[in-house]
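J.: Next comes the structure file input_34.pdb, holding PDB, C-alpha atoms and all ligand atoms.
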ATOM      1  CA  MET A   1     131.324  32.793 200.414  1.00  0.00           C
ATOM      2  CA  ALA A   2     130.315  29.197 201.085  1.00  0.00           C
ATOM      3  CA  PRO A   3     129.703  27.106 197.931  1.00  0.00           C
ATOM      4  CA  ALA A   4     126.136  26.321 198.957  1.00  0.00           C
ATOM      5  CA  ARG A   5     125.391  29.999 199.593  1.00  0.00           C
ATOM      6  CA  ARG A   6     127.086  30.997 196.308  1.00  0.00           C
ATOM      7  CA  LYS A   7     125.011  28.396 194.469  1.00  0.00           C
ATOM      8  CA  MET A   8     121.831  29.742 196.062  1.00  0.00           C
ATOM      9  CA  ARG A   9     122.771  33.284 195.121  1.00  0.00           C
ATOM     10  CA  ASN A  10     123.496  32.277 191.488  1.00  0.00           C
ATOM     11  CA  THR A  11     120.218  30.401 191.310  1.00  0.00           C
ATOM     12  CA  ALA A  12     118.373  33.453 192.636  1.00  0.00           C
ATOM     13  CA  SER A  13     120.148  35.702 190.126  1.00  0.00           C
ATOM     14  CA  CYS A  14     119.206  33.380 187.292  1.00  0.00           C
ATOM     15  CA  ALA A  15     115.605  33.360 188.481  1.00  0.00           C
ATOM     16  CA  VAL A  16     115.515  37.156 188.614  1.00  0.00           C
ATOM     17  CA  LEU A  17     117.093  37.333 185.146  1.00  0.00           C
ATOM     18  CA  ALA A  18     114.588  34.807 183.803  1.00  0.00           C
ATOM     19  CA  VAL A  19     111.720  36.803 185.275  1.00  0.00           C
ATOM     20  CA  ILE A  20     113.071  40.014 183.735  1.00  0.00           C
ATOM     21  CA  LEU A  21     113.568  38.352 180.358  1.00  0.00           C
ATOM     22  CA  GLY A  22     110.161  36.749 180.579  1.00  0.00           C
ATOM     23  CA  VAL A  23     108.489  40.038 181.387  1.00  0.00           C
ATOM     24  CA  THR A  24     110.436  41.729 178.592  1.00  0.00           C
ATOM     25  CA  CYS A  25     109.381  39.073 176.095  1.00  0.00           C
ATOM     26  CA  ARG A  26     105.787  39.281 177.189  1.00  0.00           C
ATOM     27  CA  GLN A  27     105.912  43.064 176.970  1.00  0.00           C
ATOM     28  CA  THR A  28     107.401  42.864 173.488  1.00  0.00           C
ATOM     29  CA  THR A  29     104.659  40.516 172.344  1.00  0.00           C
ATOM     30  CA  PHE A  30     101.979  42.638 173.954  1.00  0.00           C
ATOM     31  CA  THR A  31     103.412  45.827 172.486  1.00  0.00           C
ATOM     32  CA  THR A  32     103.415  44.350 168.981  1.00  0.00           C
ATOM     33  CA  THR A  33      99.781  43.366 169.321  1.00  0.00           C
ATOM     34  CA  SER A  34      98.685  46.653 170.863  1.00  0.00           C
ATOM     35  CA  GLN A  35     100.514  48.652 168.200  1.00  0.00           C
ATOM     36  CA  ARG A  36      98.600  47.002 165.375  1.00  0.00           C
ATOM     37  CA  SER A  37      96.155  49.610 164.199  1.00  0.00           C
ATOM     38  CA  LYS A  38      92.465  48.933 163.855  1.00  0.00           C
ATOM     39  CA  LEU A  39      91.343  47.670 160.479  1.00  0.00           C
ATOM     40  CA  LEU A  40      90.166  50.711 158.535  1.00  0.00           C
ATOM     41  CA  VAL A  41      87.142  49.722 156.452  1.00  0.00           C
ATOM     42  CA  VAL A  42      86.374  52.326 153.794  1.00  0.00           C
ATOM     43  CA  LEU A  43      82.923  52.081 152.282  1.00  0.00           C
ATOM     44  CA  ASP A  44      81.750  53.164 148.868  1.00  0.00           C
ATOM     45  CA  LEU A  45      78.065  54.140 148.665  1.00  0.00           C
ATOM     46  CA  ASP A  46      76.393  53.909 145.236  1.00  0.00           C
ATOM     47  CA  GLU A  47      75.920  50.387 143.901  1.00  0.00           C
ATOM     48  CA  THR A  48      77.759  49.086 146.991  1.00  0.00           C
ATOM     49  CA  LEU A  49      75.388  49.977 149.843  1.00  0.00           C
ATOM     50  CA  LEU A  50      72.542  51.576 147.895  1.00  0.00           C
ATOM     51  CA  HIS A  51      71.212  52.497 144.494  1.00  0.00           C
ATOM     52  CA  ALA A  52      69.718  55.784 143.343  1.00  0.00           C
ATOM     53  CA  SER A  53      67.369  56.120 140.392  1.00  0.00           C
ATOM     54  CA  LEU A  54      65.863  59.079 138.606  1.00  0.00           C
ATOM     55  CA  CYS A  55      62.313  57.736 138.419  1.00  0.00           C
ATOM     56  CA  LYS A  56      59.856  55.829 140.607  1.00  0.00           C
ATOM     57  CA  ASP A  57      56.899  55.851 138.240  1.00  0.00           C
ATOM     58  CA  GLU A  58      56.003  52.250 137.334  1.00  0.00           C
ATOM     59  CA  SER A  59      54.972  53.370 133.878  1.00  0.00           C
ATOM     60  CA  MET A  60      58.674  53.947 133.326  1.00  0.00           C
ATOM     61  CA  SER A  61      59.623  50.395 134.281  1.00  0.00           C
ATOM     62  CA  TRP A  62      60.743  49.726 130.736  1.00  0.00           C
ATOM     63  CA  LEU A  63      63.755  51.910 131.476  1.00  0.00           C
ATOM     64  CA  PRO A  64      67.059  50.367 132.652  1.00  0.00           C
ATOM     65  CA  PRO A  65      67.441  50.010 136.464  1.00  0.00           C
ATOM     66  CA  ARG A  66      69.675  53.064 136.566  1.00  0.00           C
ATOM     67  CA  PHE A  67      66.591  55.148 135.858  1.00  0.00           C
ATOM     68  CA  TRP A  68      63.839  53.130 137.475  1.00  0.00           C
ATOM     69  CA  GLN A  69      63.568  50.674 140.356  1.00  0.00           C
ATOM     70  CA  PRO A  70      60.668  48.912 142.055  1.00  0.00           C
ATOM     71  CA  LYS A  71      61.395  49.642 145.746  1.00  0.00           C
ATOM     72  CA  ILE A  72      62.182  53.065 147.178  1.00  0.00           C
ATOM     73  CA  ASP A  73      63.496  53.516 150.729  1.00  0.00           C
ATOM     74  CA  PHE A  74      63.844  57.295 150.696  1.00  0.00           C
ATOM     75  CA  GLU A  75      64.155  60.313 148.483  1.00  0.00           C
ATOM     76  CA  ALA A  76      67.191  62.523 148.162  1.00  0.00           C
ATOM     77  CA  THR A  77      68.266  65.297 145.863  1.00  0.00           C
ATOM     78  CA  GLY A  78      71.283  65.110 143.640  1.00  0.00           C
ATOM     79  CA  LYS A  79      73.054  67.460 141.310  1.00  0.00           C
ATOM     80  CA  GLY A  80      74.841  66.207 138.248  1.00  0.00           C
ATOM     81  CA  LEU A  81      75.491  62.550 137.596  1.00  0.00           C
ATOM     82  CA  VAL A  82      78.913  62.802 136.014  1.00  0.00           C
ATOM     83  CA  VAL A  83      80.857  66.007 136.524  1.00  0.00           C
ATOM     84  CA  ASP A  84      78.581  68.084 138.722  1.00  0.00           C
ATOM     85  CA  LEU A  85      76.872  69.801 135.842  1.00  0.00           C
ATOM     86  CA  GLY A  86      73.117  70.331 135.679  1.00  0.00           C
ATOM     87  CA  GLU A  87      70.315  71.186 138.055  1.00  0.00           C
ATOM     88  CA  GLU A  88      69.384  69.444 141.273  1.00  0.00           C
ATOM     89  CA  VAL A  89      67.064  66.533 140.645  1.00  0.00           C
ATOM     90  CA  PRO A  90      65.107  64.205 142.940  1.00  0.00           C
ATOM     91  CA  LEU A  91      66.715  60.830 143.396  1.00  0.00           C
ATOM     92  CA  PHE A  92      64.877  57.726 144.576  1.00  0.00           C
ATOM     93  CA  VAL A  93      67.156  55.639 146.730  1.00  0.00           C
ATOM     94  CA  SER A  94      66.997  51.973 147.684  1.00  0.00           C
ATOM     95  CA  LEU A  95      69.205  50.410 150.329  1.00  0.00           C
ATOM     96  CA  ARG A  96      70.969  47.210 149.384  1.00  0.00           C
ATOM     97  CA  PRO A  97      69.561  44.179 151.229  1.00  0.00           C
ATOM     98  CA  GLY A  98      71.451  43.828 154.503  1.00  0.00           C
ATOM     99  CA  ALA A  99      73.047  47.290 154.268  1.00  0.00           C
ATOM    100  CA  LEU A 100      71.726  48.541 157.599  1.00  0.00           C
ATOM    101  CA  ASN A 101      72.758  45.368 159.430  1.00  0.00           C
ATOM    102  CA  PHE A 102      76.160  45.468 157.750  1.00  0.00           C
ATOM    103  CA  VAL A 103      76.798  49.044 158.865  1.00  0.00           C
ATOM    104  CA  SER A 104      75.495  48.271 162.337  1.00  0.00           C
ATOM    105  CA  TRP A 105      77.897  45.314 162.599  1.00  0.00           C
ATOM    106  CA  LEU A 106      80.843  47.435 161.455  1.00  0.00           C
ATOM    107  CA  LYS A 107      80.037  50.126 164.007  1.00  0.00           C
ATOM    108  CA  SER A 108      79.799  47.553 166.791  1.00  0.00           C
ATOM    109  CA  ARG A 109      83.330  46.223 166.192  1.00  0.00           C
ATOM    110  CA  GLU A 110      85.949  47.798 168.429  1.00  0.00           C
ATOM    111  CA  ASP A 111      88.707  46.501 166.142  1.00  0.00           C
ATOM    112  CA  ILE A 112      87.362  48.360 163.104  1.00  0.00           C
ATOM    113  CA  ASP A 113      87.645  52.019 162.132  1.00  0.00           C
ATOM    114  CA  LEU A 114      85.012  53.071 159.637  1.00  0.00           C
ATOM    115  CA  ALA A 115      85.150  55.660 156.861  1.00  0.00           C
ATOM    116  CA  VAL A 116      83.268  56.487 153.663  1.00  0.00           C
ATOM    117  CA  TYR A 117      84.802  57.399 150.304  1.00  0.00           C
ATOM    118  CA  THR A 118      82.302  58.168 147.591  1.00  0.00           C
ATOM    119  CA  ALA A 119      82.338  59.680 144.133  1.00  0.00           C
ATOM    120  CA  GLY A 120      78.940  61.172 144.961  1.00  0.00           C
ATOM    121  CA  THR A 121      78.620  64.875 145.631  1.00  0.00           C
ATOM    122  CA  GLU A 122      78.717  65.899 149.278  1.00  0.00           C
ATOM    123  CA  PRO A 123      75.119  67.234 149.533  1.00  0.00           C
ATOM    124  CA  TYR A 124      73.686  64.042 148.037  1.00  0.00           C
ATOM    125  CA  ALA A 125      76.004  61.660 149.898  1.00  0.00           C
ATOM    126  CA  LYS A 126      75.306  63.252 153.269  1.00  0.00           C
ATOM    127  CA  GLN A 127      71.614  62.478 152.859  1.00  0.00           C
ATOM    128  CA  THR A 128      72.425  58.814 152.331  1.00  0.00           C
ATOM    129  CA  LEU A 129      74.923  58.686 155.210  1.00  0.00           C
ATOM    130  CA  LYS A 130      72.167  59.768 157.568  1.00  0.00           C
ATOM    131  CA  LYS A 131      69.841  57.017 156.346  1.00  0.00           C
ATOM    132  CA  LEU A 132      72.591  54.408 156.710  1.00  0.00           C
ATOM    133  CA  GLY A 133      73.501  55.486 160.243  1.00  0.00           C
ATOM    134  CA  LEU A 134      76.893  56.705 159.056  1.00  0.00           C
ATOM    135  CA  GLU A 135      76.535  60.372 159.918  1.00  0.00           C
ATOM    136  CA  GLY A 136      79.565  61.593 161.840  1.00  0.00           C
ATOM    137  CA  CYS A 137      81.731  58.948 160.201  1.00  0.00           C
ATOM    138  CA  PRO A 138      84.884  60.289 158.459  1.00  0.00           C
ATOM    139  CA  ALA A 139      83.861  60.777 154.842  1.00  0.00           C
ATOM    140  CA  LEU A 140      85.450  61.853 151.573  1.00  0.00           C
ATOM    141  CA  PHE A 141      83.243  62.964 148.708  1.00  0.00           C
ATOM    142  CA  ARG A 142      83.597  63.612 144.976  1.00  0.00           C
ATOM    143  CA  GLU A 143      85.914  66.565 145.552  1.00  0.00           C
ATOM    144  CA  GLU A 144      88.474  64.171 147.093  1.00  0.00           C
ATOM    145  CA  CYS A 145      88.455  61.775 144.162  1.00  0.00           C
ATOM    146  CA  VAL A 146      91.381  61.947 141.791  1.00  0.00           C
ATOM    147  CA  PRO A 147      92.351  63.470 139.503  1.00  0.00           C
ATOM    148  CA  PHE A 148      91.009  66.985 140.009  1.00  0.00           C
ATOM    149  CA  GLY A 149      88.005  65.876 142.034  1.00  0.00           C
ATOM    150  CA  LEU A 150      86.647  63.865 139.122  1.00  0.00           C
ATOM    151  CA  PRO A 151      84.891  60.615 140.067  1.00  0.00           C
ATOM    152  CA  ILE A 152      87.601  58.474 138.505  1.00  0.00           C
ATOM    153  CA  THR A 153      89.540  56.809 141.279  1.00  0.00           C
ATOM    154  CA  LYS A 154      90.228  57.096 145.016  1.00  0.00           C
ATOM    155  CA  ASP A 155      93.389  57.727 146.996  1.00  0.00           C
ATOM    156  CA  LEU A 156      93.243  55.935 150.344  1.00  0.00           C
ATOM    157  CA  ARG A 157      96.251  57.872 151.632  1.00  0.00           C
ATOM    158  CA  LYS A 158      93.877  60.764 152.118  1.00  0.00           C
ATOM    159  CA  LEU A 159      92.448  58.702 154.985  1.00  0.00           C
ATOM    160  CA  ARG A 160      95.492  56.891 156.386  1.00  0.00           C
ATOM    161  CA  GLU A 161      99.166  56.990 155.389  1.00  0.00           C
ATOM    162  CA  ASP A 162      99.924  53.418 156.454  1.00  0.00           C
ATOM    163  CA  LEU A 163      97.875  51.151 154.184  1.00  0.00           C
ATOM    164  CA  THR A 164      98.802  47.821 155.764  1.00  0.00           C
ATOM    165  CA  ARG A 165      95.405  47.562 157.448  1.00  0.00           C
ATOM    166  CA  VAL A 166      93.101  49.448 155.121  1.00  0.00           C
ATOM    167  CA  VAL A 167      90.418  47.909 152.900  1.00  0.00           C
ATOM    168  CA  LEU A 168      88.216  49.763 150.432  1.00  0.00           C
ATOM    169  CA  VAL A 169      84.865  48.055 149.841  1.00  0.00           C
ATOM    170  CA  ASP A 170      83.754  49.248 146.414  1.00  0.00           C
ATOM    171  CA  ASN A 171      81.792  48.020 143.397  1.00  0.00           C
ATOM    172  CA  SER A 172      84.102  49.756 140.937  1.00  0.00           C
ATOM    173  CA  ALA A 173      87.523  48.313 140.100  1.00  0.00           C
ATOM    174  CA  LYS A 174      88.529  51.784 138.931  1.00  0.00           C
ATOM    175  CA  SER A 175      88.452  52.951 142.533  1.00  0.00           C
ATOM    176  CA  PHE A 176      91.410  50.642 143.274  1.00  0.00           C
ATOM    177  CA  TRP A 177      93.771  51.916 140.605  1.00  0.00           C
ATOM    178  CA  LEU A 178      96.077  53.796 142.965  1.00  0.00           C
ATOM    179  CA  GLN A 179      96.138  51.100 145.647  1.00  0.00           C
ATOM    180  CA  PRO A 180      95.014  47.861 143.975  1.00  0.00           C
ATOM    181  CA  GLU A 181      96.084  45.724 146.926  1.00  0.00           C
ATOM    182  CA  ASN A 182      93.656  47.450 149.276  1.00  0.00           C
ATOM    183  CA  GLY A 183      90.506  46.809 147.293  1.00  0.00           C
ATOM    184  CA  LEU A 184      87.695  44.410 148.110  1.00  0.00           C
ATOM    185  CA  LEU A 185      85.532  44.348 144.988  1.00  0.00           C
ATOM    186  CA  VAL A 186      81.811  43.803 145.440  1.00  0.00           C
ATOM    187  CA  CYS A 187      79.163  43.029 142.845  1.00  0.00           C
ATOM    188  CA  ASP A 188      77.112  45.958 141.582  1.00  0.00           C
ATOM    189  CA  TRP A 189      73.690  46.274 143.101  1.00  0.00           C
ATOM    190  CA  ASP A 190      71.292  48.034 140.728  1.00  0.00           C
ATOM    191  CA  GLY A 191      68.253  48.095 143.016  1.00  0.00           C
ATOM    192  CA  THR A 192      66.426  45.136 141.503  1.00  0.00           C
ATOM    193  CA  ASN A 193      67.712  42.023 143.295  1.00  0.00           C
ATOM    194  CA  ALA A 194      65.814  41.873 146.592  1.00  0.00           C
ATOM    195  CA  SER A 195      67.541  38.624 147.619  1.00  0.00           C
ATOM    196  CA  ASP A 196      71.063  39.958 147.177  1.00  0.00           C
ATOM    197  CA  GLN A 197      73.469  38.588 149.834  1.00  0.00           C
ATOM    198  CA  GLU A 198      76.693  40.200 148.723  1.00  0.00           C
ATOM    199  CA  LEU A 199      77.213  42.095 151.980  1.00  0.00           C
ATOM    200  CA  ASP A 200      77.224  38.807 153.900  1.00  0.00           C
ATOM    201  CA  ARG A 201      80.167  37.727 151.753  1.00  0.00           C
ATOM    202  CA  VAL A 202      81.903  41.047 152.406  1.00  0.00           C
ATOM    203  CA  LYS A 203      81.395  40.590 156.139  1.00  0.00           C
ATOM    204  CA  ASP A 204      82.977  37.117 155.989  1.00  0.00           C
ATOM    205  CA  ASN A 205      85.942  38.503 154.064  1.00  0.00           C
ATOM    206  CA  LEU A 206      86.444  41.318 156.555  1.00  0.00           C
ATOM    207  CA  LEU A 207      86.383  38.847 159.442  1.00  0.00           C
ATOM    208  CA  GLN A 208      89.255  36.997 157.763  1.00  0.00           C
ATOM    209  CA  LEU A 209      91.243  40.228 157.425  1.00  0.00           C
ATOM    210  CA  LEU A 210      90.837  41.359 161.023  1.00  0.00           C
ATOM    211  CA  ASP A 211      93.773  39.370 162.425  1.00  0.00           C
ATOM    212  CA  MET A 212      96.206  40.092 159.599  1.00  0.00           C
ATOM    213  CA  ASP A 213      99.086  42.495 160.197  1.00  0.00           C
ATOM    214  CA  ASP A 214      99.012  43.346 156.494  1.00  0.00           C
ATOM    215  CA  VAL A 215      95.803  42.776 154.551  1.00  0.00           C
ATOM    216  CA  ARG A 216      97.275  43.563 151.131  1.00  0.00           C
ATOM    217  CA  PRO A 217      98.589  40.101 150.185  1.00  0.00           C
ATOM    218  CA  ALA A 218      95.124  38.683 150.815  1.00  0.00           C
ATOM    219  CA  LEU A 219      93.472  41.394 148.763  1.00  0.00           C
ATOM    220  CA  ARG A 220      95.926  41.275 145.890  1.00  0.00           C
ATOM    221  CA  ARG A 221      94.057  41.562 142.641  1.00  0.00           C
ATOM    222  CA  LYS A 222      94.620  41.037 138.954  1.00  0.00           C
ATOM    223  CA  PRO A 223      96.900  43.629 137.305  1.00  0.00           C
ATOM    224  CA  PRO A 224      95.122  46.720 135.943  1.00  0.00           C
ATOM    225  CA  ASP A 225      96.021  45.977 132.338  1.00  0.00           C
ATOM    226  CA  ALA A 226      93.155  43.578 131.722  1.00  0.00           C
ATOM    227  CA  PRO A 227      91.029  44.304 128.596  1.00  0.00           C
ATOM    228  CA  GLY A 228      88.135  45.741 130.577  1.00  0.00           C
ATOM    229  CA  ASP A 229      90.398  48.243 132.283  1.00  0.00           C
ATOM    230  CA  ALA A 230      91.966  49.239 128.959  1.00  0.00           C
ATOM    231  CA  VAL A 231      88.578  50.562 127.876  1.00  0.00           C
ATOM    232  CA  ASP A 232      88.267  52.429 131.158  1.00  0.00           C
ATOM    233  CA  LEU A 233      91.671  53.999 130.599  1.00  0.00           C
ATOM    234  CA  ARG A 234      90.313  55.744 127.517  1.00  0.00           C
ATOM    235  CA  LEU A 235      87.506  57.117 129.647  1.00  0.00           C
ATOM    236  CA  VAL A 236      90.077  58.405 132.128  1.00  0.00           C
ATOM    237  CA  ILE A 237      91.944  60.227 129.377  1.00  0.00           C
ATOM    238  CA  ILE A 238      88.698  61.810 128.186  1.00  0.00           C
ATOM    239  CA  ALA A 239      87.737  62.727 131.751  1.00  0.00           C
ATOM    240  CA  VAL A 240      91.138  64.268 132.474  1.00  0.00           C
ATOM    241  CA  ALA A 241      90.917  66.316 129.285  1.00  0.00           C
ATOM    242  CA  LEU A 242      87.424  67.423 130.267  1.00  0.00           C
ATOM    243  CA  GLY A 243      88.653  68.329 133.750  1.00  0.00           C
ATOM    244  CA  CYS A 244      91.462  70.429 132.309  1.00  0.00           C
ATOM    245  CA  TRP A 245      88.974  72.165 130.056  1.00  0.00           C
ATOM    246  CA  LEU A 246      86.634  72.897 132.996  1.00  0.00           C
ATOM    247  CA  VAL A 247      89.540  74.263 135.052  1.00  0.00           C
ATOM    248  CA  SER A 248      90.606  76.506 132.159  1.00  0.00           C
ATOM    249  CA  GLN A 249      87.019  77.747 131.757  1.00  0.00           C
ATOM    250  CA  SER A 250      86.724  78.606 135.441  1.00  0.00           C
ATOM    251  CA  GLN A 251      89.817  80.824 135.407  1.00  0.00           C
TER     252      GLN A 251
HETATM  253 MG    MG B 301      80.048  52.734 143.711  1.00  0.00          MG
END
I'd like the structure from this file rewritten - as structure tokens, please.

T.:
Amino acid sequence: MAPARRKMRNTASCAVLAVILGVTCRQTTFTTTSQRSKLLVVLDLDETLLHASLCKDESMSWLPPRFWQPKIDFEATGKGLVVDLGEEVPLFVSLRPGALNFVSWLKSREDIDLAVYTAGTEPYAKQTLKKLGLEGCPALFREECVPFGLPITKDLRKLREDLTRVVLVDNSAKSFWLQPENGLLVCDWDGTNASDQELDRVKDNLLQLLDMDDVRPALRRKPPDAPGDAVDLRLVIIAVALGCWLVSQSQ
């Protein structure tokens, strides 16, 4: 083969190889991006997106906000406030300022999967999901809290095994005990602050998480042995003992 022709052939081979390598590299990059799962945003309900009170009568306004609040968006019925004991009672529910817009924004994002995880009972929570526009959304209720369905903490692996791109938006630090690096803590909303803007802050934080392959380093929190949590641990022990007692009584 003539040197010039051999040179041309080698050059062509190199070009083909470069194209193949280039395509392979681009495919690898594209595959990595496309394989990244959507950010799973798990929403708590009570004191995060809404607040439910037992009374709407203004004559009862001397009561703490848990029992009375000035603005009611809708009525629901609830049964039991702690461990599902007691009769059904009317509950007066207020939506947190910005809650509807926040949910609407989450639903509009194609890079976000949405779920709900609440310590509320299913019949009560389903009424609130409808009002928030979250009906049909994957949801876990009190029965899926741990341990034994008690409203103590939440196990995100019930929603997704891989937790690299999962964030639980919750007002209770206790909810993060099993997966503390997946928690985005929000301030309690007790139904009284009409100018609350906490959900705007949550939205900004979620926007920052969207492009992260692993959101956990950014969400890393203080260790669960802080003084406040030590008190809660005693409550857990009491609740577990109560749960065991209830189980033994039901058998
Ligand atoms: Mg809550």

J.: Here's the selection I'm unsure about, the PyMOL selection byres (((chain A and resi 162) around 12) and not hetatm); applied to the file above, which residues does it give, as number ranges by chain?

T.: A: 36-40, 156-161, 163-167, 179, 182, 213-216

J.: Give me, as a list in words, the set of residues whose atoms come within 10 Å of any atom of ligand MG 301 (chain B), counting all atoms listed in the file.

T.: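 So the residues close to ligand MG 301 (chain B) are Leu43, Asp44, Leu45, Asp46, Glu47, Thr48, Leu49, Leu50, His51, Tyr117, Thr118, Ala119, Gly120, Pro151, Val169, Asp170, Asn171, Ser172, Ala173, Lys174, Ser175, Val186, Cys187, Asp188 and Trp189 of chain A.
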
J.: Would you work out the distance separating atom CA of Lys71 of chain A from atom CA of Ser104 of chain A, expressed in Å to one decimal?

T.: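 Between these atoms lies a distance of 21.8 Å.
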
J.: Please determine the residues with any atom at most 10 Å from (77.7, 57.6, 161.2) (coordinates as given in the file, with all atoms listed in the file counting) and report them as a VMD selection string.

T.: chain A and resid 103 to 104 107 114 to 116 129 to 139

J.: Under the rule that all atoms listed in the file are counted, which of A:Leu168, A:Ala194, A:Leu185, A:Leu206 is the nearest residue to Trp105 of chain A?

T.: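 Answer, going by the shortest atom-to-atom distance: A:Leu206.
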
J.: Taking into account only C-alpha atoms, which residue in the set A:Pro90, A:Gly191, A:Glu143, A:Pro123 is nearest to Ile72 of chain A?

T.: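 Distance minimum relative to Ile72 of chain A lands on A:Gly191.
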
J.: Under the PyMOL selection byres (((chain A and resi 201) around 12) and not hetatm), which residues of this model are included? Write them out as an NGL selection string.

T.: :A and (98 or 102 or 169 or 184-187 or 196-200 or 202-208)

J.: Which residue out of A:Gln127, A:Ser108, A:Ser94, A:Gln35 has the minimum interatomic distance to Ser53 of chain A when all atoms listed in the file are used?

T.: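 Among the listed residues, the smallest separation from Ser53 of chain A belongs to A:Ser94.
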
J.: For atom CA of Leu219 of chain A and atom CA of Lys154 of chain A, quote the distance in Å rounded to one decimal.

T.: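 Atom-to-atom, atom CA of Leu219 of chain A to atom CA of Lys154 of chain A, that is 16.5 Å.
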
J.: Just the number, please: distance in Å from atom CA of Glu88 of chain A to atom CA of Phe148 of chain A, one decimal.

T.: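 A separation of 21.8 Å between them.
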